[in-house]
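Engineer: Can you read through this structure? Questions will come right after.
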Amino acid sequence: MKYEYTLAFQALLYRRPLFEFIGKSERNMNILVLGWNEAAEAFVDQCLQAGQMDKHELHVMILSDHAEQAMEKYLSDRPDLKRFVNVNGSLSGQNVEIYAELNFKEFSQNNLEETEIENSLLDILAEAPDEKYHYFMVAFEDDGLNQKVANALKNTVNELMPEETNAIHYVTTQKENSENGIFPICIRGFQTIADIDPELERMAYNAHLTWEDSINGDAVAELQKFRADKYNYLSSVALALSIRYKLADLDIDYEECQTAAEEFWNKLQDNEAKETLNRIIALEHRRWVLHMCCAGWTAPPEELRQKYYDDCILRCSVKDKENKIHPCIVRSSVETPLSTGIFSQDKNLWDQKSENEEALDELDRMSLELHRRMAVKAKKYMQENPLDSGEILEIREYLKNPRISDKLKREWERFVFCLKNIFDGNWAYSKQYDRYKEMFLETVQAEGEECLNFINERVSILSKKIWPVIEKNFYRDYKMNDEILVRKIPFILTYRIGFSLAMAFRTTTSLTAMNDTMFKNVASATVIKPGKLTYLLYLDENSQKEVIRHMIQIVVKYMRGKGINCEITFLITGRKDVQ
């Protein structure tokens with residue numbers, strides 16, 4: 001049920017964003033929640049994430065019976081939230097950046113009886129921060145009570161602040177129409193966000209492609225996988241809806257996605273806007289941190305971080321899904337010293353402590369600590385001379401068997417060439433390791449079950465051993481994860497599955513000199529993954545049928561290999577006497 005609640009409130013905060021009901025001169029974004037239950041929890045979770053803005057600070061007031069118990073239960077399910085959110089004053093007086101204000105206050109539902117409701121609501125509004133609430137959610141367990149309170153609240157707000165805009169909503173299990181400026185939020189019957197808003201799902205899927213770096217695969221198959229993973233699905237929707245808030249921070253009108261994408265792209269090219277962009281990147285990290293906290297994830301305690309980094313190496317994963325631990329759940333600032341400062345100019349600073357680290361924020365320090373732990377493990381492995389020992393030696397000896405095909409031996413040499421470059425610290429080959437491994441193992445499939453089992457087992461062990469070497473080669477600045485998502489906003493806003501793409505088909509006169517030309521023929525299609533691809537081919541006096549036929553075959557084979565399912569058409573014109 002909580003999944004449905006979350007979908008409903010994600011759609012609400014996308015369609016009726018918090019900032020739309022705040023004056024431009026107002027700093028605080030004040031939200032009132034009346035009542036407390038699972039639906040209210042989901043609403044507050046989404047508000048905390050979406051409301052990470054530069055122009056406005058988020059303040060949420062929750063009035064409910066047994067407020068103390070409600071707060072304790074809420075925080076027990078989100079143990080790291082209080083490190084970032086000032087809950088009932090828990091961070092007051094501490095020298096830390098506060099991501100939001102969250103207050104639980106005792107309020108008896110009995111005060112909302114017919115004879116008391118108007119006076120009770122007047123008392124609530126009179127105590128509002130800045131004498132005003134901008135956004136209201138009524139979330140008691142009784143649908144009828146919710147509607148009654150919302151109507152009374154609307155009358156009271158209009159009487160008290162007749163010239164102010166406001167957003168009044170109430171939770172219901174039935175589909176109700178909005179009227180008199182009151183918006184019911186149905187919290188049942190949704191399987192995907194597309195049931196409420198297909199455009200938001202489209203952008204969430206684009207966010208998923210960016211996050212997973214899976215843009216070059218089969219778009220339709222990836223969409224099915226995306227919808228099946230509820231956690232990943234909700235997190236991608238949360239990122240997509242936050243884009244509207246990021247654009248509002250930059251005074252970019254969101255109503256037309258293409259125009260908004262172009263305006264944002266122009267901001268990215270403006271060097272004078274770099275500081276503003278860095279702020280948006282820092283806010284994206286804040287949003288992600290609160291998303292993780294609201295999902296119950298925690299960071300490893302500082303005294304256990306080194307042990308956690310060792311565990312990362314054993315898992316070959318920075319995050320611990322089973323125990324819901326992630327080391328990036330720390331504060332991040334607008335500065336980017338690891339990618340733009342002295343750390344980017346001198347990689348030796350990544351490998352040994354120096355006075356330059358004193359000014360680093362928590363995320364930067366975590367990036368360095370994790371890199372150094374990887375470097376220690378990588379160095380230890382390299383001392384074993386891995387190219388001539390262990391799994392690599394065992395596979396090499398096994399492939400000397402005369403029954404092994406020459407094709408597999410050639411693919412093995414390519415794989416070893418990749419490994420040599422990785423051991424030499426090459427970033428590009430480290431990035432391509434999975435692809436080289438995949439091509440090698442695909443070739444192994446044809447050699448029979450015995451060969452497959454033998455090599456699969458050793459490659460699996462090898463991949464675990466080489467993981468810290470690859471990670472060390474990347475010099476991962478985890479702040480860049482946030483920057484990539486922000487820089488991909490134009491893509492997230494505009495990309496659609498099933499585009500029809502028309503493009504020129506470039507040819508060459510020689511099979512030995514066509515690699516660069518072939519890349520140009522497939523590069524756009526690889527990224528866009530159109531539903532229909534039309535190549536425009538002009539035959540001139542230099543065209544050669546055999547070369548063109550071979551290039552077409554390569555294109556078809558490439559598309560199949562990349563999992564790009566599309567209709568390909570060639571429109572050919574030009575000379576009839578082509579040889």
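Labels used: A, B, ... for chains in the order of the structure tokens, numbers from 1 for residues in each chain, and numbers from 1 for ligands as shown.
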Any idea what's packed within 12 Å of A:Lys431, counting only C-alpha atoms, ignoring anything in its chain fewer than 6 positions away? Could you give it as a list in words?

Structural biologist: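 In the requested format, the answer is Asp213, Cys418, Leu419, Asn421, Ile422, Gly425, Lys437, Trp467, Val469, Ile470, Glu471, Lys472, Asn473, Phe474, Tyr475 and Arg476 of chain A.
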
Engineer: May I have the selected residues written with C-alpha atoms, as a PDB file, in the first residue's frame?

Structural biologist:
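File produced: part.pdb:
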ATOM      1  CA  ASP A 213      24.326   4.108 -17.622  1.00  0.00           C
ATOM      2  CA  CYS A 418      42.435  -5.338 -21.827  1.00  0.00           C
ATOM      3  CA  LEU A 419      43.707  -6.771 -18.525  1.00  0.00           C
ATOM      4  CA  ASN A 421      46.045  -2.091 -19.773  1.00  0.00           C
ATOM      5  CA  ILE A 422      43.989  -2.191 -16.596  1.00  0.00           C
ATOM      6  CA  GLY A 425      46.283   1.969 -14.746  1.00  0.00           C
ATOM      7  CA  LYS A 437      34.684  -9.950 -20.506  1.00  0.00           C
ATOM      8  CA  TRP A 467      37.505  -4.972  -8.995  1.00  0.00           C
ATOM      9  CA  VAL A 469      42.185  -2.316  -9.386  1.00  0.00           C
ATOM     10  CA  ILE A 470      39.502  -0.989 -11.727  1.00  0.00           C
ATOM     11  CA  GLU A 471      37.968   1.205  -9.024  1.00  0.00           C
ATOM     12  CA  LYS A 472      41.392   2.608  -8.145  1.00  0.00           C
ATOM     13  CA  ASN A 473      41.990   3.482 -11.809  1.00  0.00           C
ATOM     14  CA  PHE A 474      38.761   5.491 -11.935  1.00  0.00           C
ATOM     15  CA  TYR A 475      39.774   7.928  -9.177  1.00  0.00           C
ATOM     16  CA  ARG A 476      36.065   8.155  -8.426  1.00  0.00           C
TER      17      ARG A 476
END

Engineer: What's around A:Lys246 at 8 Å? Count only C-alpha atoms, leave out sequence neighbours fewer than 4 positions away in its own chain, and write the answer as a list in words.

Structural biologist: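 Contacts, with the query itself left out: Met53, Ser242, Leu250 and Ile280 of chain A.
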
Engineer: Counting only C-alpha atoms, figure out which residue out of A:Ala238, A:Ala428, A:Leu91, A:Val138 gets nearest to A:Gln46.

Structural biologist: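 That would be A:Ala238, the residue with the smallest distance to A:Gln46.
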
Engineer: Just to confirm, what's the straight-line distance from atom CA of A:Leu112 to atom CA of A:Glu57 in Å (one decimal)?

Structural biologist: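 Between these atoms lies a distance of 29.8 Å.
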
Engineer: List the neighbours of stretch 164-173 of chain A out to 6 Å using only C-alpha atoms; skip same-chain residues closer than 5 positions along the sequence, and give me the result as an NGL selection string.

Structural biologist: :A and (21 or 134-139 or 143 or 146 or 182-188)

Engineer: Go ahead and write the residues just picked, C-alpha atoms, as an mmCIF file, in the first residue's frame.

Structural biologist:
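Now in result.cif:
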data_model
loop_
_atom_site.group_PDB
_atom_site.id
_atom_site.type_symbol
_atom_site.label_atom_id
_atom_site.label_comp_id
_atom_site.auth_asym_id
_atom_site.auth_seq_id
_atom_site.Cartn_x
_atom_site.Cartn_y
_atom_site.Cartn_z
ATOM 1 C CA PHE A 21 2.043 28.798 -3.781
ATOM 2 C CA HIS A 134 1.361 27.591 1.863
ATOM 3 C CA TYR A 135 0.484 23.922 1.399
ATOM 4 C CA PHE A 136 -1.991 21.784 3.336
ATOM 5 C CA MET A 137 -2.553 18.041 3.583
ATOM 6 C CA VAL A 138 -5.395 16.513 5.627
ATOM 7 C CA ALA A 139 -4.618 12.847 6.294
ATOM 8 C CA ASP A 143 -12.304 9.858 4.304
ATOM 9 C CA ASN A 146 -10.718 14.477 5.755
ATOM 10 C CA ILE A 182 -9.807 21.749 -2.768
ATOM 11 C CA PHE A 183 -7.917 18.786 -4.276
ATOM 12 C CA PRO A 184 -8.607 15.227 -3.092
ATOM 13 C CA ILE A 185 -5.688 12.799 -3.431
ATOM 14 C CA CYS A 186 -6.748 9.240 -4.169
ATOM 15 C CA ILE A 187 -4.193 6.838 -2.713
ATOM 16 C CA ARG A 188 -5.422 3.565 -4.195
#

Engineer: Tell me, which residues of stretch 117-175 of chain A carry DSSP helix (DSSP H, G or I), written as a short mmCIF file (atom, residue, chain, number, x, y, z; two decimals) with all heavy atoms, in the first residue's frame?

Structural biologist:
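Below is the file result10.cif, written as the result:
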data_model
loop_
_atom_site.label_atom_id
_atom_site.label_comp_id
_atom_site.auth_asym_id
_atom_site.auth_seq_id
_atom_site.Cartn_x
_atom_site.Cartn_y
_atom_site.Cartn_z
N ILE A 117 -14.57 22.90 15.10
CA ILE A 117 -13.64 22.84 13.98
C ILE A 117 -13.15 24.20 13.53
O ILE A 117 -11.96 24.41 13.29
CB ILE A 117 -14.27 22.06 12.80
CG1 ILE A 117 -13.21 21.80 11.73
CG2 ILE A 117 -15.49 22.79 12.22
CD1 ILE A 117 -13.66 20.80 10.69
N GLU A 118 -14.05 25.19 13.42
CA GLU A 118 -13.64 26.51 12.93
C GLU A 118 -12.65 27.16 13.89
O GLU A 118 -11.60 27.68 13.46
CB GLU A 118 -14.87 27.42 12.76
CG GLU A 118 -15.90 26.92 11.76
CD GLU A 118 -15.44 27.09 10.33
OE1 GLU A 118 -14.43 27.80 10.11
OE2 GLU A 118 -16.08 26.51 9.43
N ASN A 119 -12.96 27.13 15.18
CA ASN A 119 -12.06 27.74 16.17
C ASN A 119 -10.72 27.02 16.23
O ASN A 119 -9.66 27.66 16.35
CB ASN A 119 -12.72 27.73 17.56
CG ASN A 119 -13.87 28.70 17.66
OD1 ASN A 119 -13.91 29.70 16.91
ND2 ASN A 119 -14.82 28.42 18.54
N SER A 120 -10.75 25.70 16.13
CA SER A 120 -9.50 24.93 16.16
C SER A 120 -8.61 25.28 14.98
O SER A 120 -7.39 25.45 15.13
CB SER A 120 -9.80 23.43 16.15
OG SER A 120 -10.46 23.03 17.33
N LEU A 121 -9.20 25.39 13.80
CA LEU A 121 -8.41 25.71 12.62
C LEU A 121 -7.87 27.14 12.69
O LEU A 121 -6.75 27.41 12.25
CB LEU A 121 -9.25 25.52 11.35
CG LEU A 121 -9.63 24.05 11.05
CD1 LEU A 121 -10.55 23.99 9.84
CD2 LEU A 121 -8.39 23.20 10.82
N LEU A 122 -8.65 28.07 13.24
CA LEU A 122 -8.16 29.44 13.42
C LEU A 122 -6.95 29.46 14.35
O LEU A 122 -5.97 30.17 14.10
CB LEU A 122 -9.27 30.34 13.97
CG LEU A 122 -10.28 30.87 12.96
CD1 LEU A 122 -11.44 31.55 13.67
CD2 LEU A 122 -9.60 31.86 12.00
N ASP A 123 -7.01 28.67 15.43
CA ASP A 123 -5.88 28.60 16.37
C ASP A 123 -4.64 28.05 15.66
O ASP A 123 -3.52 28.53 15.87
CB ASP A 123 -6.24 27.71 17.56
CG ASP A 123 -7.28 28.36 18.47
OD1 ASP A 123 -7.45 29.59 18.37
OD2 ASP A 123 -7.92 27.62 19.24
N ILE A 124 -4.83 27.03 14.84
CA ILE A 124 -3.70 26.42 14.11
C ILE A 124 -3.07 27.45 13.18
O ILE A 124 -1.84 27.61 13.14
CB ILE A 124 -4.18 25.19 13.32
CG1 ILE A 124 -4.55 24.05 14.27
CG2 ILE A 124 -3.09 24.72 12.34
CD1 ILE A 124 -5.27 22.90 13.59
N LEU A 125 -3.88 28.13 12.39
CA LEU A 125 -3.35 29.09 11.42
C LEU A 125 -2.70 30.28 12.10
O LEU A 125 -1.74 30.86 11.58
CB LEU A 125 -4.48 29.57 10.49
CG LEU A 125 -5.09 28.48 9.59
CD1 LEU A 125 -6.26 29.04 8.79
CD2 LEU A 125 -4.03 27.90 8.66
N ALA A 126 -3.20 30.65 13.28
CA ALA A 126 -2.62 31.79 14.00
C ALA A 126 -1.20 31.50 14.47
O ALA A 126 -0.40 32.42 14.66
CB ALA A 126 -3.50 32.16 15.19
N PRO A 129 4.20 29.45 11.12
CA PRO A 129 5.45 30.20 10.94
C PRO A 129 5.26 31.27 9.87
O PRO A 129 4.61 31.02 8.85
CB PRO A 129 6.45 29.12 10.49
CG PRO A 129 5.61 28.00 9.97
CD PRO A 129 4.33 28.04 10.74
N ASP A 130 5.80 32.46 10.12
CA ASP A 130 5.62 33.60 9.21
C ASP A 130 4.14 33.94 9.04
O ASP A 130 3.75 34.56 8.05
CB ASP A 130 6.21 33.30 7.81
CG ASP A 130 7.61 32.74 7.87
OD1 ASP A 130 8.40 33.23 8.70
OD2 ASP A 130 7.91 31.80 7.11
N GLU A 131 3.31 33.48 9.99
CA GLU A 131 1.87 33.74 9.96
C GLU A 131 1.18 33.17 8.73
O GLU A 131 0.14 33.65 8.28
CB GLU A 131 1.58 35.24 10.07
CG GLU A 131 2.15 35.87 11.32
CD GLU A 131 1.85 37.36 11.42
OE1 GLU A 131 1.45 37.93 10.39
OE2 GLU A 131 2.01 37.92 12.51
N ASP A 143 -12.14 9.05 5.52
CA ASP A 143 -12.30 9.86 4.30
C ASP A 143 -13.27 11.01 4.52
O ASP A 143 -13.03 12.15 4.07
CB ASP A 143 -12.84 8.99 3.15
CG ASP A 143 -11.75 8.14 2.52
OD1 ASP A 143 -10.65 8.07 3.10
OD2 ASP A 143 -12.00 7.54 1.46
N GLY A 144 -14.38 10.72 5.19
CA GLY A 144 -15.39 11.75 5.41
C GLY A 144 -14.85 12.89 6.26
O GLY A 144 -15.11 14.07 5.96
N LEU A 145 -14.11 12.55 7.31
CA LEU A 145 -13.52 13.58 8.16
C LEU A 145 -12.52 14.41 7.38
O LEU A 145 -12.47 15.64 7.51
CB LEU A 145 -12.85 12.93 9.37
CG LEU A 145 -12.11 13.88 10.32
CD1 LEU A 145 -13.07 14.89 10.94
CD2 LEU A 145 -11.37 13.10 11.40
N ASN A 146 -11.71 13.75 6.56
CA ASN A 146 -10.72 14.48 5.76
C ASN A 146 -11.39 15.52 4.86
O ASN A 146 -10.93 16.66 4.76
CB ASN A 146 -9.92 13.50 4.88
CG ASN A 146 -8.96 12.66 5.70
OD1 ASN A 146 -8.61 13.00 6.83
ND2 ASN A 146 -8.53 11.55 5.13
N GLN A 147 -12.49 15.12 4.20
CA GLN A 147 -13.17 16.05 3.30
C GLN A 147 -13.79 17.20 4.10
O GLN A 147 -13.72 18.36 3.69
CB GLN A 147 -14.26 15.31 2.52
CG GLN A 147 -14.94 16.17 1.47
CD GLN A 147 -15.90 15.37 0.61
OE1 GLN A 147 -16.35 14.29 0.99
NE2 GLN A 147 -16.21 15.88 -0.57
N LYS A 148 -14.37 16.88 5.25
CA LYS A 148 -15.00 17.91 6.07
C LYS A 148 -13.96 18.92 6.58
O LYS A 148 -14.16 20.13 6.51
CB LYS A 148 -15.71 17.26 7.27
CG LYS A 148 -16.42 18.26 8.17
CD LYS A 148 -17.12 17.56 9.32
CE LYS A 148 -16.12 17.06 10.35
NZ LYS A 148 -16.79 16.52 11.57
N VAL A 149 -12.84 18.43 7.04
CA VAL A 149 -11.79 19.31 7.55
C VAL A 149 -11.22 20.17 6.42
O VAL A 149 -10.95 21.36 6.60
CB VAL A 149 -10.68 18.50 8.24
CG1 VAL A 149 -9.49 19.39 8.59
CG2 VAL A 149 -11.22 17.82 9.49
N ALA A 150 -11.04 19.57 5.25
CA ALA A 150 -10.50 20.32 4.11
C ALA A 150 -11.43 21.46 3.72
O ALA A 150 -10.98 22.59 3.44
CB ALA A 150 -10.28 19.39 2.93
N ASN A 151 -12.75 21.20 3.72
CA ASN A 151 -13.71 22.26 3.38
C ASN A 151 -13.68 23.38 4.42
O ASN A 151 -13.68 24.57 4.08
CB ASN A 151 -15.12 21.67 3.29
CG ASN A 151 -15.34 20.89 2.01
OD1 ASN A 151 -14.88 21.30 0.95
ND2 ASN A 151 -16.04 19.77 2.10
N ALA A 152 -13.64 22.99 5.68
CA ALA A 152 -13.59 23.99 6.74
C ALA A 152 -12.28 24.77 6.69
O ALA A 152 -12.25 25.99 6.92
CB ALA A 152 -13.76 23.32 8.10
N LEU A 153 -11.20 24.09 6.37
CA LEU A 153 -9.90 24.73 6.27
C LEU A 153 -9.89 25.76 5.14
O LEU A 153 -9.35 26.87 5.29
CB LEU A 153 -8.83 23.67 6.03
CG LEU A 153 -7.36 24.12 6.04
CD1 LEU A 153 -7.00 24.77 7.37
CD2 LEU A 153 -6.44 22.92 5.79
N LYS A 154 -10.51 25.40 4.02
CA LYS A 154 -10.59 26.33 2.90
C LYS A 154 -11.33 27.60 3.30
O LYS A 154 -10.88 28.72 3.01
CB LYS A 154 -11.29 25.65 1.72
CG LYS A 154 -11.46 26.53 0.49
CD LYS A 154 -10.13 26.87 -0.13
CE LYS A 154 -10.30 27.65 -1.43
NZ LYS A 154 -9.02 28.08 -2.02
N ASN A 155 -12.46 27.46 3.98
CA ASN A 155 -13.24 28.63 4.41
C ASN A 155 -12.45 29.48 5.39
O ASN A 155 -12.45 30.72 5.31
CB ASN A 155 -14.55 28.17 5.07
CG ASN A 155 -15.47 27.48 4.07
OD1 ASN A 155 -15.42 27.75 2.86
ND2 ASN A 155 -16.34 26.60 4.57
N THR A 156 -11.75 28.82 6.31
CA THR A 156 -10.99 29.55 7.33
C THR A 156 -9.81 30.29 6.70
O THR A 156 -9.54 31.45 7.04
CB THR A 156 -10.47 28.57 8.40
OG1 THR A 156 -11.55 27.81 8.93
CG2 THR A 156 -9.79 29.33 9.54
N VAL A 157 -9.10 29.64 5.79
CA VAL A 157 -7.97 30.28 5.12
C VAL A 157 -8.44 31.48 4.30
O VAL A 157 -7.81 32.54 4.31
CB VAL A 157 -7.23 29.27 4.22
CG1 VAL A 157 -6.23 29.98 3.31
CG2 VAL A 157 -6.51 28.24 5.07
N ASN A 158 -9.55 31.31 3.58
CA ASN A 158 -10.07 32.42 2.77
C ASN A 158 -10.48 33.60 3.63
O ASN A 158 -10.29 34.76 3.25
CB ASN A 158 -11.28 31.95 1.94
CG ASN A 158 -10.86 31.07 0.79
OD1 ASN A 158 -9.69 31.00 0.43
ND2 ASN A 158 -11.84 30.37 0.20
N GLU A 159 -11.02 33.31 4.80
CA GLU A 159 -11.44 34.37 5.70
C GLU A 159 -10.24 35.08 6.32
O GLU A 159 -10.23 36.32 6.44
CB GLU A 159 -12.32 33.78 6.81
CG GLU A 159 -12.82 34.81 7.82
CD GLU A 159 -13.64 34.16 8.92
OE1 GLU A 159 -14.20 33.06 8.70
OE2 GLU A 159 -13.72 34.77 10.01
N LEU A 160 -9.21 34.29 6.67
CA LEU A 160 -8.05 34.86 7.35
C LEU A 160 -7.09 35.53 6.37
O LEU A 160 -6.50 36.57 6.69
CB LEU A 160 -7.32 33.75 8.12
CG LEU A 160 -6.41 34.16 9.27
CD1 LEU A 160 -7.21 34.88 10.35
CD2 LEU A 160 -5.72 32.94 9.86
#

Engineer: Set the distance at 12 Å and use only C-alpha atoms: which residues neighbour stretch 503-510 of chain A once local chain neighbours fewer than 4 positions away are removed? I'd like the list as a PyMOL selection string.

Structural biologist: chain A and resi 514-525+530+532-552+555+568-573+579

Engineer: Considering only C-alpha atoms, state which residue in the set A:Cys293, A:Ala221, A:Leu63, A:Ile252 is at the smallest distance from A:Ala128.

Structural biologist: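 Of A:Cys293, A:Ala221, A:Leu63, A:Ile252, the one nearest A:Ala128 is A:Leu63, counting only C-alpha atoms.
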
Engineer: So what do you get for atom CA of A:Met61 versus atom CA of A:Tyr74, distance-wise?

Structural biologist: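 Separating atom CA of A:Met61 from atom CA of A:Tyr74 is a distance of 14.0 Å.
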
Engineer: Work out how far atom CA of A:Ala42 is from atom CA of A:Thr192, in Å to one decimal.

Structural biologist: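 Calculated distance between atom CA of A:Thr192 and atom CA of A:Ala42 is 15.8 Å.
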
Engineer: Give me the residues of stretch 446-545 of chain A that have any atom at most 9 Å from an atom of stretch 300-315 of chain A; for each, the nearest atom pair and the distance in Å, rounded to one decimal. Use only C-alpha atoms, sort by chain and number, and format it as a tab-separated table.

Structural biologist:
residue	atom	partner	partner_atom	distance
A:Lys464	CA	A:Leu314	CA	7.5
A:Lys465	CA	A:Ile313	CA	8.6
A:Trp467	CA	A:Ile313	CA	7.3
A:Pro468	CA	A:Ile313	CA	6.4

Engineer: Do you know which residues are at most 9 Å from A:Ala8 counting only C-alpha atoms, after dropping those on the same chain fewer than 3 positions away, and could you put them as a list in words?

Structural biologist: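 The filter keeps Tyr3, Glu4, Tyr5, Ala11, Leu12, Leu13, Phe43, Ile185, Cys186, Ile187, Arg188, Phe190, Ile193 and Ile196 of chain A.
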
Engineer: Limited to N, CA and C atoms, could you put the picked residues into a file as a CSV table (one decimal), in the first residue's frame?

Structural biologist:
chain,number,residue,atom,x,y,z
A,3,TYR,N,3.5,1.8,-1.5
A,3,TYR,CA,4.0,2.1,-2.8
A,3,TYR,C,2.9,2.9,-3.6
A,4,GLU,N,1.7,2.6,-3.4
A,4,GLU,CA,0.6,3.4,-4.0
A,4,GLU,C,0.6,4.8,-3.4
A,5,TYR,N,0.7,4.9,-2.1
A,5,TYR,CA,0.8,6.3,-1.5
A,5,TYR,C,1.9,7.1,-2.1
A,11,ALA,N,3.0,12.2,-7.9
A,11,ALA,CA,2.3,12.9,-9.0
A,11,ALA,C,1.8,14.3,-8.5
A,12,LEU,N,1.3,14.3,-7.2
A,12,LEU,CA,0.8,15.6,-6.7
A,12,LEU,C,1.9,16.7,-6.7
A,13,LEU,N,3.0,16.3,-6.2
A,13,LEU,CA,4.1,17.3,-6.1
A,13,LEU,C,4.7,17.7,-7.4
A,43,PHE,N,3.7,11.2,2.2
A,43,PHE,CA,3.6,12.6,1.7
A,43,PHE,C,4.8,13.4,2.2
A,185,ILE,N,-6.8,13.6,-2.9
A,185,ILE,CA,-5.7,12.8,-3.4
A,185,ILE,C,-6.1,11.3,-3.2
A,186,CYS,N,-6.4,10.7,-4.3
A,186,CYS,CA,-6.7,9.2,-4.2
A,186,CYS,C,-5.5,8.4,-4.0
A,187,ILE,N,-5.4,7.6,-3.0
A,187,ILE,CA,-4.2,6.8,-2.7
A,187,ILE,C,-4.3,5.3,-3.0
A,188,ARG,N,-5.3,5.0,-3.9
A,188,ARG,CA,-5.4,3.6,-4.2
A,188,ARG,C,-5.6,3.4,-5.7
A,190,PHE,N,-3.1,2.5,-8.1
A,190,PHE,CA,-2.1,2.9,-9.0
A,190,PHE,C,-1.0,1.8,-9.0
A,193,ILE,N,3.4,5.1,-12.1
A,193,ILE,CA,3.1,6.6,-12.2
A,193,ILE,C,2.4,6.9,-13.5
A,196,ILE,N,-1.1,7.8,-13.5
A,196,ILE,CA,-1.5,9.2,-13.1
A,196,ILE,C,-1.0,10.2,-14.1
